[in-house]
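Quick look at final39.cif (mmCIF, C-alpha atoms):
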data_start
loop_
_atom_site.label_atom_id
_atom_site.label_comp_id
_atom_site.auth_asym_id
_atom_site.auth_seq_id
_atom_site.Cartn_x
_atom_site.Cartn_y
_atom_site.Cartn_z
CA MET A 810 0.00 0.00 0.00
CA ARG A 811 1.25 3.49 -0.83
CA THR A 812 0.36 6.69 0.98
CA VAL A 813 0.11 10.05 -0.74
CA SER A 814 -0.09 13.28 1.26
CA PHE A 815 -1.07 16.73 0.06
CA GLU A 816 -2.33 20.05 1.43
CA PRO A 817 -5.27 21.35 -0.59
CA THR A 818 -5.71 25.11 -0.88
CA VAL A 819 -9.12 25.09 -2.58
CA SER A 820 -12.24 22.97 -2.17
CA GLY A 821 -12.89 20.25 -4.71
CA TYR A 822 -12.89 16.57 -5.54
CA VAL A 823 -9.84 14.37 -5.23
CA TYR A 824 -9.81 11.34 -7.49
CA VAL A 825 -7.74 8.27 -6.78
CA ASN A 826 -7.01 5.49 -9.25
CA SER A 827 -5.23 2.33 -8.24
CA ARG A 828 -3.88 -0.46 -10.41
CA THR A 829 -2.52 -3.75 -9.08
CA GLU A 830 -2.00 -7.21 -10.51
CA ASN A 831 -5.56 -7.99 -9.32
CA GLY A 832 -7.19 -5.20 -11.28
CA GLN A 833 -8.01 -1.55 -11.13
CA SER A 834 -10.14 0.53 -8.75
CA SER A 835 -10.98 4.18 -8.33
CA ASP A 836 -12.65 6.42 -5.78
CA SER A 837 -13.22 10.08 -5.07
CA VAL A 838 -13.76 12.32 -2.09
CA TYR A 839 -14.84 15.95 -1.85
CA ILE A 840 -12.55 18.11 0.30
CA ASN A 841 -14.02 21.33 1.65
CA VAL A 842 -11.22 23.76 2.52
CA LEU A 843 -12.44 26.15 5.22
CA ASN A 844 -11.20 29.70 5.67
CA VAL A 845 -11.00 29.80 9.47
CA PHE A 846 -8.42 32.02 11.18
CA LEU A 847 -7.53 33.57 14.54
CA ASN A 848 -5.01 36.42 14.67
CA LEU A 849 -4.06 38.32 17.83
CA ASN A 850 -2.50 41.76 18.34
CA VAL A 851 0.20 40.38 20.69
CA GLN A 852 3.44 38.49 20.17
CA ASP A 853 4.17 35.13 21.79
CA THR A 854 5.64 37.07 24.73
CA THR A 855 4.77 40.68 25.55
CA TYR A 856 6.49 42.76 28.24
CA LEU A 857 4.72 45.52 30.18
CA CYS A 858 5.49 47.68 33.18
CA LEU A 859 4.01 46.49 36.45
CA GLY A 860 0.56 48.02 36.91
CA ASP A 861 -0.09 48.68 33.21
CA SER A 862 -2.98 47.07 31.38
CA LEU A 863 -2.98 45.58 27.90
CA GLN A 864 -5.79 45.65 25.35
CA LEU A 865 -6.03 42.24 23.65
CA THR A 866 -7.69 42.14 20.24
CA ALA A 867 -8.55 39.17 18.05
CA SER A 868 -9.19 39.18 14.32
CA ILE A 869 -11.30 36.16 13.39
CA SER A 870 -12.89 34.71 10.28
CA GLY A 871 -16.51 34.80 11.42
CA ASP A 872 -18.91 35.15 14.32
CA ALA A 873 -17.38 36.27 17.63
CA SER A 874 -19.67 33.94 19.59
CA GLY A 875 -17.09 31.18 19.06
CA LEU A 876 -14.25 33.19 20.63
CA THR A 877 -13.17 32.79 24.27
CA TRP A 878 -10.21 34.13 26.27
CA GLY A 879 -8.48 32.59 29.25
CA PRO A 880 -7.62 31.90 31.87
CA ASP A 881 -10.82 32.84 33.66
CA ASP A 882 -8.96 33.93 36.80
CA GLY A 883 -10.12 37.55 37.13
CA THR A 884 -7.15 39.07 35.30
CA LEU A 885 -9.17 39.70 32.11
CA SER A 886 -11.98 42.23 31.72
CA ALA A 887 -14.06 39.52 30.00
CA THR A 888 -13.65 36.02 28.58
CA THR A 889 -15.67 36.61 25.40
CA GLY A 890 -15.63 39.18 22.61
CA THR A 891 -13.00 40.31 20.12
CA SER A 892 -11.45 42.82 22.54
CA VAL A 893 -10.59 42.32 26.22
CA THR A 894 -8.17 43.95 28.65
CA SER A 895 -5.59 42.19 30.83
CA TYR A 896 -5.22 43.71 34.32
CA ALA A 897 -2.78 41.16 35.72
CA ASP A 898 -0.16 42.27 38.22
CA TYR A 899 2.02 39.22 37.61
CA GLY A 900 3.21 37.29 34.57
CA ASN A 901 0.83 34.74 33.16
CA GLN A 902 0.09 32.57 30.16
CA TYR A 903 -3.06 33.58 28.30
CA TYR A 904 -4.91 32.10 25.37
CA ALA A 905 -7.66 32.77 22.87
CA THR A 906 -9.70 29.88 21.49
CA TYR A 907 -11.89 30.21 18.42
CA ILE A 908 -14.38 27.54 17.30
CA SER A 909 -15.91 27.93 13.86
CA GLN A 910 -17.21 25.54 11.19
CA GLY A 911 -16.10 22.52 13.20
CA CYS A 912 -12.52 23.80 13.57
CA THR A 913 -10.87 24.76 16.87
CA LEU A 914 -7.94 27.20 16.85
CA THR A 915 -6.04 28.16 20.01
CA ASN A 916 -3.31 30.77 20.30
CA PHE A 917 -1.23 30.87 23.52
CA PHE A 918 0.84 33.88 24.60
CA PHE A 919 2.63 35.21 27.67
CA ILE A 920 2.37 38.60 29.32
CA ARG A 921 5.48 39.28 31.37
CA TRP A 922 5.59 42.19 33.81
CA ILE A 923 8.71 44.24 34.47
CA ARG A 924 9.25 46.76 37.22
CA SER A 925 9.75 50.33 36.14
CA HIS A 926 12.56 52.27 37.82
#
What does this structure look like when you write it as structure tokens?
Amino acid sequence: MRTVSFEPTVSGYVYVNSRTENGQSSDSVYINVLNVFLNLNVQDTTYLCLGDSLQLTASISGDASGLTWGPDDGTLSATTGTSVTSYADYGNQYYATYISQGCTLTNFFFIRWIRSH
């Protein structure tokens, strides 16, 4: 048996034909390529002065009802919506999760706090 891998960029049918000493067979499958994305306005690690807040913004491919922020530990102004504010007074790992069209995307990032002199 042989395996063929590919990364489709557009929706459409994929046709497969196989020939062996026992004969020939063919099959097809429709692949629906979804345009689902989650982009954030922060880098993997962001540094802020102790006591500052940070506005977190997500750009998504569809309805914001599928977007959640975490952790739900009181350091965020909200856990839903495309824009929330972090009020943490210590470093923490945060994340945004977006569920759309059966796909789940999660983006993790750190906010590190530095002391100002």
Evaluating the PyMOL selection byres ((chain A and resi 844-857) around 8) on the displayed file yields which residues, as a PDB file with C-alpha atoms, in the frame of the given file?
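Output below, filename expr32.pdb:
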ATOM      1  CA  VAL A 842     -11.220  23.760   2.520  1.00  0.00           C
ATOM      2  CA  LEU A 843     -12.440  26.150   5.220  1.00  0.00           C
ATOM      3  CA  CYS A 858       5.490  47.680  33.180  1.00  0.00           C
ATOM      4  CA  LEU A 859       4.010  46.490  36.450  1.00  0.00           C
ATOM      5  CA  ASP A 861      -0.090  48.680  33.210  1.00  0.00           C
ATOM      6  CA  SER A 862      -2.980  47.070  31.380  1.00  0.00           C
ATOM      7  CA  LEU A 865      -6.030  42.240  23.650  1.00  0.00           C
ATOM      8  CA  THR A 866      -7.690  42.140  20.240  1.00  0.00           C
ATOM      9  CA  ALA A 867      -8.550  39.170  18.050  1.00  0.00           C
ATOM     10  CA  SER A 868      -9.190  39.180  14.320  1.00  0.00           C
ATOM     11  CA  ILE A 869     -11.300  36.160  13.390  1.00  0.00           C
ATOM     12  CA  SER A 870     -12.890  34.710  10.280  1.00  0.00           C
ATOM     13  CA  GLY A 871     -16.510  34.800  11.420  1.00  0.00           C
ATOM     14  CA  TYR A 907     -11.890  30.210  18.420  1.00  0.00           C
ATOM     15  CA  SER A 909     -15.910  27.930  13.860  1.00  0.00           C
ATOM     16  CA  GLN A 910     -17.210  25.540  11.190  1.00  0.00           C
ATOM     17  CA  CYS A 912     -12.520  23.800  13.570  1.00  0.00           C
ATOM     18  CA  LEU A 914      -7.940  27.200  16.850  1.00  0.00           C
ATOM     19  CA  THR A 915      -6.040  28.160  20.010  1.00  0.00           C
ATOM     20  CA  ASN A 916      -3.310  30.770  20.300  1.00  0.00           C
ATOM     21  CA  PHE A 917      -1.230  30.870  23.520  1.00  0.00           C
ATOM     22  CA  PHE A 918       0.840  33.880  24.600  1.00  0.00           C
ATOM     23  CA  PHE A 919       2.630  35.210  27.670  1.00  0.00           C
ATOM     24  CA  ILE A 920       2.370  38.600  29.320  1.00  0.00           C
ATOM     25  CA  ARG A 921       5.480  39.280  31.370  1.00  0.00           C
ATOM     26  CA  TRP A 922       5.590  42.190  33.810  1.00  0.00           C
ATOM     27  CA  ILE A 923       8.710  44.240  34.470  1.00  0.00           C
TER      28      ILE A 923
END
- prompt: What is the CA of Asn901 (chain A) to CA of Thr888 (chain A) distance in Å?
  reply: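 Here the two named atoms are 15.2 Å from each other.
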- request: Give as number ranges by chain the residues that the PyMOL selection byres ((chain A and resi 895) around 6) matches when applied to the coordinates above.
  value: A: 862-863, 884-885, 894, 896-897
- prompt: Quick one: residues within 10 Å of Asn841 (chain A), all atoms listed in the file counted, chain neighbours fewer than 4 positions away excluded, as a list of chain:residue names?
  reply: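 Skipping anything fewer than 4 positions along the chain leaves A:Pro817, A:Thr818, A:Val819, A:Ser820, A:Gly821, A:Tyr822.
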query: By how many Å are CA of Ser886 (chain A) and CA of Tyr903 (chain A) apart?
result: 12.9 Å
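Here CA of Val893 (chain A) stands at a distance of 10.1 Å from CA of Thr877 (chain A).
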query: Nearest to Gln864 (chain A): which of A:Gln833, A:Thr891, A:Asp898, A:Pro880 is it, counting all atoms listed in the file?
result: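 Nearest candidate to Gln864 (chain A) out of A:Gln833, A:Thr891, A:Asp898, A:Pro880: A:Thr891.
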Missing atoms in region 884-895 of chain A: can you complete it with N, CA and C atoms, as a PDB file, keeping the file's coordinate frame?
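selection-v7.pdb written:
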ATOM      1  N   THR A 884      -8.146  38.131  35.818  1.00  0.00           N
ATOM      2  CA  THR A 884      -7.150  39.070  35.300  1.00  0.00           C
ATOM      3  C   THR A 884      -7.544  39.641  33.937  1.00  0.00           C
ATOM      4  N   LEU A 885      -8.667  39.181  33.376  1.00  0.00           N
ATOM      5  CA  LEU A 885      -9.170  39.700  32.110  1.00  0.00           C
ATOM      6  C   LEU A 885     -10.487  40.424  32.343  1.00  0.00           C
ATOM      7  N   SER A 886     -10.730  41.470  31.581  1.00  0.00           N
ATOM      8  CA  SER A 886     -11.980  42.230  31.720  1.00  0.00           C
ATOM      9  C   SER A 886     -13.189  41.396  31.308  1.00  0.00           C
ATOM     10  N   ALA A 887     -12.996  40.412  30.452  1.00  0.00           N
ATOM     11  CA  ALA A 887     -14.060  39.520  30.000  1.00  0.00           C
ATOM     12  C   ALA A 887     -13.401  38.269  29.416  1.00  0.00           C
ATOM     13  N   THR A 888     -14.181  37.236  29.194  1.00  0.00           N
ATOM     14  CA  THR A 888     -13.650  36.020  28.580  1.00  0.00           C
ATOM     15  C   THR A 888     -14.271  35.769  27.207  1.00  0.00           C
ATOM     16  N   THR A 889     -15.078  36.709  26.735  1.00  0.00           N
ATOM     17  CA  THR A 889     -15.670  36.610  25.400  1.00  0.00           C
ATOM     18  C   THR A 889     -15.536  37.959  24.706  1.00  0.00           C
ATOM     19  N   GLY A 890     -15.710  37.946  23.388  1.00  0.00           N
ATOM     20  CA  GLY A 890     -15.630  39.180  22.610  1.00  0.00           C
ATOM     21  C   GLY A 890     -14.291  39.299  21.911  1.00  0.00           C
ATOM     22  N   THR A 891     -14.233  40.159  20.900  1.00  0.00           N
ATOM     23  CA  THR A 891     -13.000  40.310  20.120  1.00  0.00           C
ATOM     24  C   THR A 891     -11.986  41.232  20.782  1.00  0.00           C
ATOM     25  N   SER A 892     -12.369  41.927  21.860  1.00  0.00           N
ATOM     26  CA  SER A 892     -11.450  42.820  22.540  1.00  0.00           C
ATOM     27  C   SER A 892     -11.645  42.725  24.046  1.00  0.00           C
ATOM     28  N   VAL A 893     -10.573  42.379  24.760  1.00  0.00           N
ATOM     29  CA  VAL A 893     -10.590  42.320  26.220  1.00  0.00           C
ATOM     30  C   VAL A 893      -9.333  42.998  26.740  1.00  0.00           C
ATOM     31  N   THR A 894      -9.320  43.297  28.033  1.00  0.00           N
ATOM     32  CA  THR A 894      -8.170  43.950  28.650  1.00  0.00           C
ATOM     33  C   THR A 894      -7.605  43.046  29.744  1.00  0.00           C
ATOM     34  N   SER A 895      -6.271  42.927  29.776  1.00  0.00           N
ATOM     35  CA  SER A 895      -5.590  42.190  30.830  1.00  0.00           C
ATOM     36  C   SER A 895      -5.175  43.170  31.916  1.00  0.00           C
TER      37      SER A 895
END
